[in-house]
$ cat query-v5.txt   # compact mmCIF, C-alpha atoms and all ligand atoms
# COMPACT_ATOMS: atom_id res chain seq x y z
CA MET A 1 106.68 -62.16 -9.07
CA ASN A 2 103.09 -62.74 -8.08
CA THR A 3 102.18 -60.73 -5.03
CA SER A 4 98.44 -61.36 -4.94
CA ALA A 5 96.99 -63.09 -1.90
CA THR A 6 95.09 -65.71 -3.92
CA THR A 7 96.65 -68.51 -5.93
CA PRO A 8 97.03 -67.47 -9.58
CA ILE A 9 94.89 -69.21 -12.22
CA ARG A 10 97.08 -71.53 -14.30
CA VAL A 11 96.61 -70.74 -18.00
CA ALA A 12 97.70 -72.47 -21.21
CA VAL A 13 97.54 -70.53 -24.49
CA LEU A 14 96.92 -72.61 -27.65
CA GLY A 15 98.05 -70.93 -30.86
CA ALA A 16 100.65 -69.13 -28.76
CA GLY A 17 102.80 -68.24 -31.77
CA GLY A 18 99.95 -66.58 -33.67
CA ARG A 19 98.96 -62.91 -33.84
CA MET A 20 96.26 -63.22 -31.16
CA GLY A 21 98.00 -65.96 -29.17
CA SER A 22 101.25 -64.05 -28.72
CA GLU A 23 99.32 -60.96 -27.56
CA ALA A 24 97.32 -63.16 -25.13
CA CYS A 25 100.56 -64.64 -23.73
CA ARG A 26 101.82 -61.12 -23.02
CA ALA A 27 98.51 -60.16 -21.36
CA VAL A 28 98.40 -63.29 -19.18
CA ASP A 29 102.07 -62.85 -18.26
CA ALA A 30 101.39 -59.28 -17.16
CA ALA A 31 98.37 -60.14 -14.99
CA GLU A 32 99.28 -60.77 -11.36
CA ASP A 33 96.37 -63.12 -10.73
CA LEU A 34 97.20 -65.36 -13.72
CA GLU A 35 100.13 -67.65 -14.47
CA LEU A 36 101.07 -68.67 -18.00
CA VAL A 37 102.06 -72.34 -17.63
CA ALA A 38 102.07 -73.53 -21.27
CA ARG A 39 102.45 -72.02 -24.75
CA ILE A 40 101.14 -74.49 -27.32
CA GLY A 41 101.77 -74.38 -31.08
CA ARG A 42 100.48 -76.48 -33.98
CA ASP A 43 102.95 -79.35 -33.50
CA ASP A 44 102.85 -79.54 -29.72
CA ASP A 45 101.19 -82.39 -27.82
CA LEU A 46 98.23 -81.23 -25.73
CA GLN A 47 99.51 -83.53 -22.98
CA ALA A 48 101.86 -80.62 -22.13
CA VAL A 49 98.76 -78.67 -21.02
CA ALA A 50 97.77 -81.41 -18.58
CA ASP A 51 101.39 -81.88 -17.43
CA ALA A 52 101.57 -78.14 -16.65
CA ARG A 53 98.37 -78.53 -14.55
CA ALA A 54 96.63 -75.77 -16.50
CA GLN A 55 93.17 -74.87 -15.17
CA VAL A 56 92.12 -72.85 -18.23
CA ILE A 57 93.05 -73.09 -21.90
CA VAL A 58 92.76 -70.07 -24.16
CA ASP A 59 92.20 -71.29 -27.73
CA LEU A 60 93.35 -68.85 -30.43
CA THR A 61 94.20 -71.35 -33.15
CA VAL A 62 92.44 -72.10 -36.45
CA PRO A 63 88.86 -73.17 -37.26
CA ALA A 64 90.06 -76.68 -38.22
CA ALA A 65 91.62 -77.33 -34.79
CA THR A 66 89.51 -75.52 -32.24
CA GLU A 67 86.72 -78.07 -31.67
CA ALA A 68 89.16 -80.94 -31.04
CA ASN A 69 91.09 -78.72 -28.60
CA VAL A 70 87.95 -77.84 -26.66
CA GLN A 71 86.76 -81.46 -26.59
CA TRP A 72 90.16 -82.46 -25.24
CA ALA A 73 89.97 -79.78 -22.52
CA VAL A 74 86.47 -80.88 -21.46
CA GLU A 75 87.59 -84.52 -21.28
CA HIS A 76 90.47 -83.45 -19.02
CA GLY A 77 88.32 -81.25 -16.74
CA ILE A 78 89.99 -78.04 -17.96
CA HIS A 79 87.97 -74.85 -18.60
CA ALA A 80 88.19 -73.30 -22.08
CA VAL A 81 88.08 -69.70 -23.29
CA VAL A 82 87.77 -69.76 -27.07
CA GLY A 83 88.35 -66.91 -29.47
CA THR A 84 88.84 -68.99 -32.61
CA THR A 85 86.03 -68.55 -35.12
CA GLY A 86 84.36 -71.10 -37.40
CA TRP A 87 81.95 -72.57 -34.83
CA ASP A 88 78.40 -73.51 -35.89
CA ASP A 89 75.30 -75.03 -34.27
CA ASP A 90 76.59 -78.60 -34.82
CA SER A 91 80.03 -78.09 -33.28
CA ARG A 92 78.59 -76.11 -30.36
CA GLY A 93 76.01 -78.90 -29.87
CA ARG A 94 78.78 -81.52 -29.66
CA VAL A 95 80.54 -79.45 -26.98
CA ARG A 96 77.27 -79.12 -25.02
CA GLU A 97 76.89 -82.89 -25.19
CA ALA A 98 80.45 -83.47 -23.96
CA LEU A 99 79.84 -81.05 -21.08
CA HIS A 100 77.05 -83.31 -19.78
CA GLY A 101 79.86 -85.66 -18.75
CA ALA A 102 81.82 -82.82 -17.09
CA PRO A 103 79.20 -80.58 -15.45
CA GLU A 104 81.78 -78.58 -13.48
CA VAL A 105 83.66 -77.43 -16.60
CA GLY A 106 83.04 -74.03 -18.18
CA VAL A 107 83.50 -73.25 -21.89
CA LEU A 108 83.25 -69.71 -23.26
CA ILE A 109 83.10 -69.31 -27.03
CA ALA A 110 83.29 -65.61 -27.83
CA PRO A 111 83.16 -64.41 -31.43
CA ASN A 112 84.61 -61.11 -30.29
CA PHE A 113 86.42 -60.20 -27.07
CA ALA A 114 86.42 -56.45 -27.69
CA ILE A 115 83.99 -54.76 -25.32
CA GLY A 116 82.81 -52.34 -28.03
CA ALA A 117 82.01 -55.21 -30.41
CA VAL A 118 79.94 -56.94 -27.71
CA LEU A 119 78.07 -53.68 -27.11
CA THR A 120 77.54 -53.22 -30.87
CA MET A 121 75.83 -56.63 -31.02
CA ARG A 122 73.57 -55.71 -28.11
CA PHE A 123 72.76 -52.23 -29.50
CA ALA A 124 72.04 -53.81 -32.90
CA GLU A 125 69.47 -56.15 -31.38
CA ILE A 126 67.69 -53.18 -29.80
CA ALA A 127 67.82 -50.99 -32.94
CA ALA A 128 66.65 -53.87 -35.17
CA ARG A 129 63.13 -53.60 -33.77
CA TYR A 130 62.68 -50.10 -35.16
CA TYR A 131 64.06 -50.25 -38.73
CA ASP A 132 62.82 -51.96 -41.90
CA SER A 133 66.30 -52.32 -43.38
CA ALA A 134 69.46 -53.70 -41.78
CA GLU A 135 72.78 -54.75 -43.33
CA ILE A 136 76.23 -55.59 -41.96
CA ILE A 137 79.63 -54.78 -43.39
CA GLU A 138 82.52 -56.55 -41.70
CA MET A 139 86.11 -55.61 -42.56
CA HIS A 140 89.26 -57.52 -41.68
CA HIS A 141 92.91 -58.02 -42.62
CA PRO A 142 93.46 -60.22 -45.71
CA ARG A 143 95.02 -63.12 -43.74
CA LYS A 144 91.71 -63.98 -42.07
CA LEU A 145 90.72 -67.57 -42.98
CA ASP A 146 86.91 -67.44 -42.69
CA ALA A 147 84.11 -65.21 -43.97
CA PRO A 148 81.80 -63.82 -42.85
CA SER A 149 83.36 -63.17 -39.44
CA GLY A 150 81.95 -64.83 -36.33
CA THR A 151 81.08 -61.36 -35.05
CA ALA A 152 79.05 -60.58 -38.17
CA THR A 153 77.23 -63.93 -37.94
CA HIS A 154 76.33 -63.27 -34.30
CA THR A 155 75.32 -59.69 -35.09
CA ALA A 156 73.02 -60.99 -37.84
CA ALA A 157 71.48 -63.44 -35.36
CA ALA A 158 70.96 -60.61 -32.86
CA ILE A 159 69.29 -58.44 -35.51
CA ALA A 160 67.08 -61.36 -36.55
CA ARG A 161 66.02 -61.82 -32.89
CA GLY A 162 65.18 -58.11 -32.64
CA ARG A 163 63.17 -58.21 -35.87
CA ARG A 164 61.26 -61.32 -34.76
CA ALA A 165 60.44 -59.68 -31.41
CA ALA A 166 59.00 -56.70 -33.30
CA GLY A 167 57.09 -58.89 -35.77
CA LEU A 168 59.08 -57.54 -38.74
CA GLY A 169 59.17 -59.61 -41.94
CA PRO A 170 61.99 -59.89 -44.48
CA VAL A 171 64.09 -56.79 -45.19
CA PRO A 172 62.80 -54.99 -48.32
CA ASP A 173 64.89 -55.84 -51.40
CA ALA A 174 63.64 -55.86 -55.00
CA THR A 175 66.84 -57.43 -56.44
CA GLU A 176 65.95 -59.98 -59.12
CA GLN A 177 69.32 -60.44 -60.80
CA ASP A 178 72.62 -60.67 -58.96
CA PRO A 179 74.90 -62.92 -61.02
CA HIS A 180 78.04 -61.77 -59.18
CA GLY A 181 76.73 -61.99 -55.62
CA ALA A 182 76.89 -58.22 -55.18
CA ARG A 183 74.25 -58.33 -52.46
CA GLY A 184 76.60 -60.35 -50.27
CA ALA A 185 75.90 -63.36 -48.04
CA VAL A 186 72.57 -63.74 -46.28
CA VAL A 187 72.83 -64.80 -42.63
CA ASP A 188 69.58 -65.19 -40.68
CA GLY A 189 67.88 -63.08 -43.37
CA ILE A 190 70.41 -60.24 -43.04
CA HIS A 191 72.80 -59.28 -45.86
CA VAL A 192 76.45 -59.45 -44.76
CA HIS A 193 79.32 -57.99 -46.80
CA ALA A 194 82.89 -59.08 -46.04
CA VAL A 195 85.79 -56.77 -46.93
CA ARG A 196 89.41 -58.04 -46.76
CA GLN A 197 91.97 -55.27 -46.97
CA GLN A 198 95.59 -54.66 -46.05
CA GLY A 199 95.94 -52.36 -43.04
CA LEU A 200 92.69 -53.41 -41.34
CA VAL A 201 92.44 -55.36 -38.07
CA ALA A 202 88.74 -56.02 -37.24
CA HIS A 203 85.90 -53.61 -38.01
CA GLU A 204 82.12 -53.83 -38.22
CA VAL A 205 79.46 -51.44 -39.51
CA VAL A 206 75.79 -52.15 -38.90
CA GLN A 207 73.54 -49.97 -41.00
CA PHE A 208 69.84 -49.55 -40.30
CA GLY A 209 67.43 -47.75 -42.63
CA GLY A 210 63.95 -46.39 -41.89
CA THR A 211 61.72 -43.87 -43.58
CA GLY A 212 63.87 -40.79 -44.21
CA GLU A 213 66.60 -41.82 -41.76
CA GLN A 214 69.63 -44.01 -41.21
CA LEU A 215 71.32 -45.27 -38.05
CA THR A 216 74.91 -46.51 -38.27
CA LEU A 217 76.67 -48.45 -35.54
CA ARG A 218 80.42 -48.83 -36.03
CA HIS A 219 83.10 -50.59 -34.06
CA ASP A 220 86.82 -50.61 -34.86
CA SER A 221 89.54 -52.74 -33.32
CA PHE A 222 92.71 -50.91 -34.37
CA ASP A 223 94.99 -53.26 -32.47
CA ARG A 224 94.74 -56.82 -31.11
CA ILE A 225 95.28 -55.41 -27.64
CA SER A 226 91.58 -54.40 -27.83
CA PHE A 227 90.66 -58.08 -27.34
CA MET A 228 92.81 -58.65 -24.27
CA SER A 229 90.60 -57.22 -21.50
CA GLY A 230 87.79 -59.50 -22.72
CA ILE A 231 90.09 -62.53 -22.81
CA LEU A 232 91.29 -61.82 -19.26
CA LEU A 233 87.67 -61.41 -18.11
CA GLY A 234 86.87 -64.78 -19.71
CA ILE A 235 89.80 -66.51 -17.98
CA ARG A 236 88.83 -65.06 -14.59
CA GLU A 237 85.10 -65.90 -14.93
CA VAL A 238 84.99 -69.20 -16.82
CA ALA A 239 85.23 -71.47 -13.75
CA ALA A 240 82.22 -69.68 -12.21
CA HIS A 241 80.12 -70.39 -15.33
CA PRO A 242 79.90 -74.16 -15.86
CA GLY A 243 78.48 -75.34 -19.19
CA LEU A 244 78.71 -73.59 -22.55
CA THR A 245 78.42 -69.81 -22.79
CA VAL A 246 78.38 -68.25 -26.25
CA GLY A 247 79.39 -64.60 -26.30
CA LEU A 248 81.26 -62.54 -23.73
CA ASP A 249 78.01 -60.74 -22.88
CA GLY A 250 77.09 -63.91 -20.95
CA TYR A 251 79.72 -62.82 -18.39
CA MET A 252 78.77 -59.12 -18.46
CA ASP A 253 75.87 -57.46 -16.71
CA LEU A 254 74.40 -55.66 -19.71
CA ASP A 255 70.81 -55.60 -18.47
P1 LIG B 1 97.12 -66.75 -36.62
O1 LIG B 1 98.07 -65.62 -36.48
O2 LIG B 1 97.09 -67.54 -37.90
O3 LIG B 1 97.38 -67.73 -35.39
C1 LIG B 1 96.91 -69.02 -35.28
C2 LIG B 1 97.96 -69.83 -34.59
O4 LIG B 1 97.45 -71.12 -34.26
C3 LIG B 1 99.22 -70.07 -35.46
O5 LIG B 1 100.36 -69.80 -34.69
C4 LIG B 1 99.10 -71.56 -35.79
O6 LIG B 1 100.33 -72.17 -36.00
C5 LIG B 1 98.45 -72.08 -34.54
N1 LIG B 1 97.82 -73.39 -34.66
C6 LIG B 1 97.24 -73.96 -35.74
N2 LIG B 1 96.74 -75.17 -35.41
C7 LIG B 1 97.02 -75.36 -34.10
C8 LIG B 1 96.77 -76.41 -33.19
N3 LIG B 1 96.15 -77.53 -33.56
N4 LIG B 1 97.20 -76.28 -31.91
C9 LIG B 1 97.84 -75.17 -31.51
N5 LIG B 1 98.11 -74.13 -32.34
C10 LIG B 1 97.70 -74.23 -33.61
O7 LIG B 1 95.62 -66.25 -36.40
P2 LIG B 1 95.10 -65.07 -35.44
O8 LIG B 1 94.94 -63.83 -36.22
O9 LIG B 1 95.92 -65.06 -34.21
O10 LIG B 1 93.64 -65.60 -35.10
C11 LIG B 1 93.42 -66.81 -34.40
C12 LIG B 1 91.91 -67.06 -34.34
O11 LIG B 1 91.31 -66.07 -33.50
C13 LIG B 1 91.19 -66.95 -35.69
O12 LIG B 1 90.16 -67.92 -35.76
C14 LIG B 1 90.62 -65.56 -35.67
O13 LIG B 1 89.48 -65.42 -36.50
C15 LIG B 1 90.24 -65.45 -34.21
N6 LIG B 1 90.09 -64.10 -33.66
C16 LIG B 1 89.17 -63.97 -32.66
C17 LIG B 1 88.98 -62.77 -32.06
C18 LIG B 1 87.98 -62.66 -30.94
O14 LIG B 1 87.87 -61.57 -30.34
N7 LIG B 1 87.24 -63.71 -30.63
C19 LIG B 1 89.73 -61.64 -32.47
C20 LIG B 1 90.68 -61.81 -33.49
C21 LIG B 1 90.86 -63.05 -34.07
P3 LIG B 1 100.99 -72.17 -37.50
O15 LIG B 1 101.46 -70.76 -37.69
O16 LIG B 1 102.08 -73.18 -37.38
O17 LIG B 1 99.90 -72.56 -38.45

$ encode --input "query-v5.txt" --output "structure tokens" --more "lines below"
Ligand code: NAP
Amino acid sequence: MNTSATTPIRVAVLGAGGRMGSEACRAVDAAEDLELVARIGRDDDLQAVADARAQVIVDLTVPAATEANVQWAVEHGIHAVVGTTGWDDDSRGRVREALHGAPEVGVLIAPNFAIGAVLTMRFAEIAARYYDSAEIIEMHHPRKLDAPSGTATHTAAAIARGRRAAGLGPVPDATEQDPHGARGAVVDGIHVHAVRQQGLVAHEVVQFGGTGEQLTLRHDSFDRISFMSGILLGIREVAAHPGLTVGLDGYMDLD
């Protein structure tokens, strides 16, 4: 029973039967200031979200479905907290455009809801200014559909920003032949290596190299529960942040 003085925020979880979605349902159910009003799976009609008078959707579905879900929420004046990966500049741009027609609606797209992962991205941007070399190794369970991870892509962008601010050029690399792609993907000029292995959840290593030294930042999510405090923060804050916010740090006072 809800005993809080304020009216609980009405939440619908999309992808409710999935690994993240089921954990999010448990977390929302356990929070006194939130009410889980709809659990939506792949074959369910989104109209059920509107019928349940949800104020916030939490999207933890698949890259192929997430943009349509968010567009639907914006059209219906419902805030969206999005953990699903696979977003790019084009899809984010289309959401920004849709939000012009619904200026009161907030959308949070967070590549990683774990507080330590958000801090790793911020620390990486700071460290990037001081090191010639930087590479990212992201490691996930083998059922993950996309590579590299959204977190790694955002970390690469943060490192690139740090390097630009310091006037650093390309990372040194004399490789001339790499027929098997051993140097990994290159995102924003930063090499990213994706490992998929049984037993892992979500892990990231950011490795910086300078003359005679190395700095390693590492974050490990051992359990999906590590994402829940960030998801709950997103649900509680999204209405106060109209427009599109990319990254949970937009709701955190990191400066
Ligand atoms: P998952 O176990 O495969 O769950 C996805 C769920 O979405 C499945 O139950 C799937 O149903 C359902 N689904 C598919 N299309 C749908 C639709 N149109 N409407 C509603 N539900 C739909 O995957 P997961 O491990 O939970 O991950 C979900 C997403 O979150 C992935 O993109 C993953 O990369 C991301 N993720 C984000 C964070 C973060 O912190 N931001 C952390 C971990 C994971 P079926 O089983 O019927 O296909």

$ atom_distance --input "query-v5.txt" --atom1 "atom CA of A:Gly86" --atom2 "atom CA of A:Val62"
8.2 Å

$ residues_around --input "query-v5.txt" --residues "A:Met139" --least-positions-apart "4" --cutoff "6 Å" --atoms "all atoms listed in the file" --output "list in words"
Ala194, Val195, Arg196, Ala202 and His203 of chain A

$ residues_around --input "query-v5.txt" --residues "A:Arg96" --least-positions-apart "6" --cutoff "10 Å" --atoms "all atoms listed in the file" --output "tab-separated table (two decimals) with C-alpha atoms, in the coordinates of the input"
chain	number	residue	atom	x	y	z
A	71	GLN	CA	86.76	-81.46	-26.59
A	90	ASP	CA	76.59	-78.60	-34.82
A	102	ALA	CA	81.82	-82.82	-17.09
A	103	PRO	CA	79.20	-80.58	-15.45
A	107	VAL	CA	83.50	-73.25	-21.89
A	243	GLY	CA	78.48	-75.34	-19.19
A	244	LEU	CA	78.71	-73.59	-22.55
A	245	THR	CA	78.42	-69.81	-22.79

$ residues_around --input "query-v5.txt" --residues "stretch 26-32 of chain A" --least-positions-apart "6" --cutoff "12 Å" --atoms "all atoms listed in the file" --output "PyMOL selection string"
chain A and resi 1-13+16-17+19-20+38-39+56-58+224-236

$ closest_atom_pairs --input "query-v5.txt" --of "chain A" --to "ligand LIG 1 (chain B)" --cutoff "6 Å" --atoms "all atoms listed in the file" --output "JSON lines"
{"residue": "A:Leu14", "atom": "CA", "partner": "B:LIG1", "partner_atom": "C9", "distance": 4.7}
{"residue": "A:Gly15", "atom": "CA", "partner": "B:LIG1", "partner_atom": "O4", "distance": 3.5}
{"residue": "A:Ala16", "atom": "CA", "partner": "B:LIG1", "partner_atom": "O5", "distance": 6.0}
{"residue": "A:Gly17", "atom": "CA", "partner": "B:LIG1", "partner_atom": "O5", "distance": 4.1}
{"residue": "A:Gly18", "atom": "CA", "partner": "B:LIG1", "partner_atom": "O3", "distance": 3.3}
{"residue": "A:Arg19", "atom": "CA", "partner": "B:LIG1", "partner_atom": "O9", "distance": 3.7}
{"residue": "A:Met20", "atom": "CA", "partner": "B:LIG1", "partner_atom": "O9", "distance": 3.6}
{"residue": "A:Gly21", "atom": "CA", "partner": "B:LIG1", "partner_atom": "O9", "distance": 5.5}
{"residue": "A:Ile40", "atom": "CA", "partner": "B:LIG1", "partner_atom": "C9", "distance": 5.4}
{"residue": "A:Gly41", "atom": "CA", "partner": "B:LIG1", "partner_atom": "N5", "distance": 3.9}
{"residue": "A:Arg42", "atom": "CA", "partner": "B:LIG1", "partner_atom": "C10", "distance": 3.6}
{"residue": "A:Leu60", "atom": "CA", "partner": "B:LIG1", "partner_atom": "C11", "distance": 4.5}
{"residue": "A:Thr61", "atom": "CA", "partner": "B:LIG1", "partner_atom": "O4", "distance": 3.4}
{"residue": "A:Val62", "atom": "CA", "partner": "B:LIG1", "partner_atom": "O12", "distance": 4.8}
{"residue": "A:Pro63", "atom": "CA", "partner": "B:LIG1", "partner_atom": "O12", "distance": 5.6}
{"residue": "A:Ala65", "atom": "CA", "partner": "B:LIG1", "partner_atom": "N3", "distance": 4.7}
{"residue": "A:Gly83", "atom": "CA", "partner": "B:LIG1", "partner_atom": "N7", "distance": 3.6}
{"residue": "A:Thr84", "atom": "CA", "partner": "B:LIG1", "partner_atom": "O12", "distance": 3.6}
{"residue": "A:Thr85", "atom": "CA", "partner": "B:LIG1", "partner_atom": "O12", "distance": 4.2}
{"residue": "A:Ala110", "atom": "CA", "partner": "B:LIG1", "partner_atom": "N7", "distance": 5.2}
{"residue": "A:Pro111", "atom": "CA", "partner": "B:LIG1", "partner_atom": "N7", "distance": 4.2}
{"residue": "A:Asn112", "atom": "CA", "partner": "B:LIG1", "partner_atom": "O14", "distance": 3.3}
{"residue": "A:Phe113", "atom": "CA", "partner": "B:LIG1", "partner_atom": "O14", "distance": 3.8}
{"residue": "A:Ala114", "atom": "CA", "partner": "B:LIG1", "partner_atom": "O14", "distance": 5.9}
{"residue": "A:Phe227", "atom": "CA", "partner": "B:LIG1", "partner_atom": "O14", "distance": 5.4}

$ residues_around --input "query-v5.txt" --residues "A:Gly181" --least-positions-apart "6" --cutoff "12 Å" --atoms "all atoms listed in the file" --output "list in words"
Thr175, His191, Val192, His193 and Ala194 of chain A

$ atom_distance --input "query-v5.txt" --atom1 "atom CA of A:Asp45" --atom2 "atom CA of A:Val81"
18.8 Å
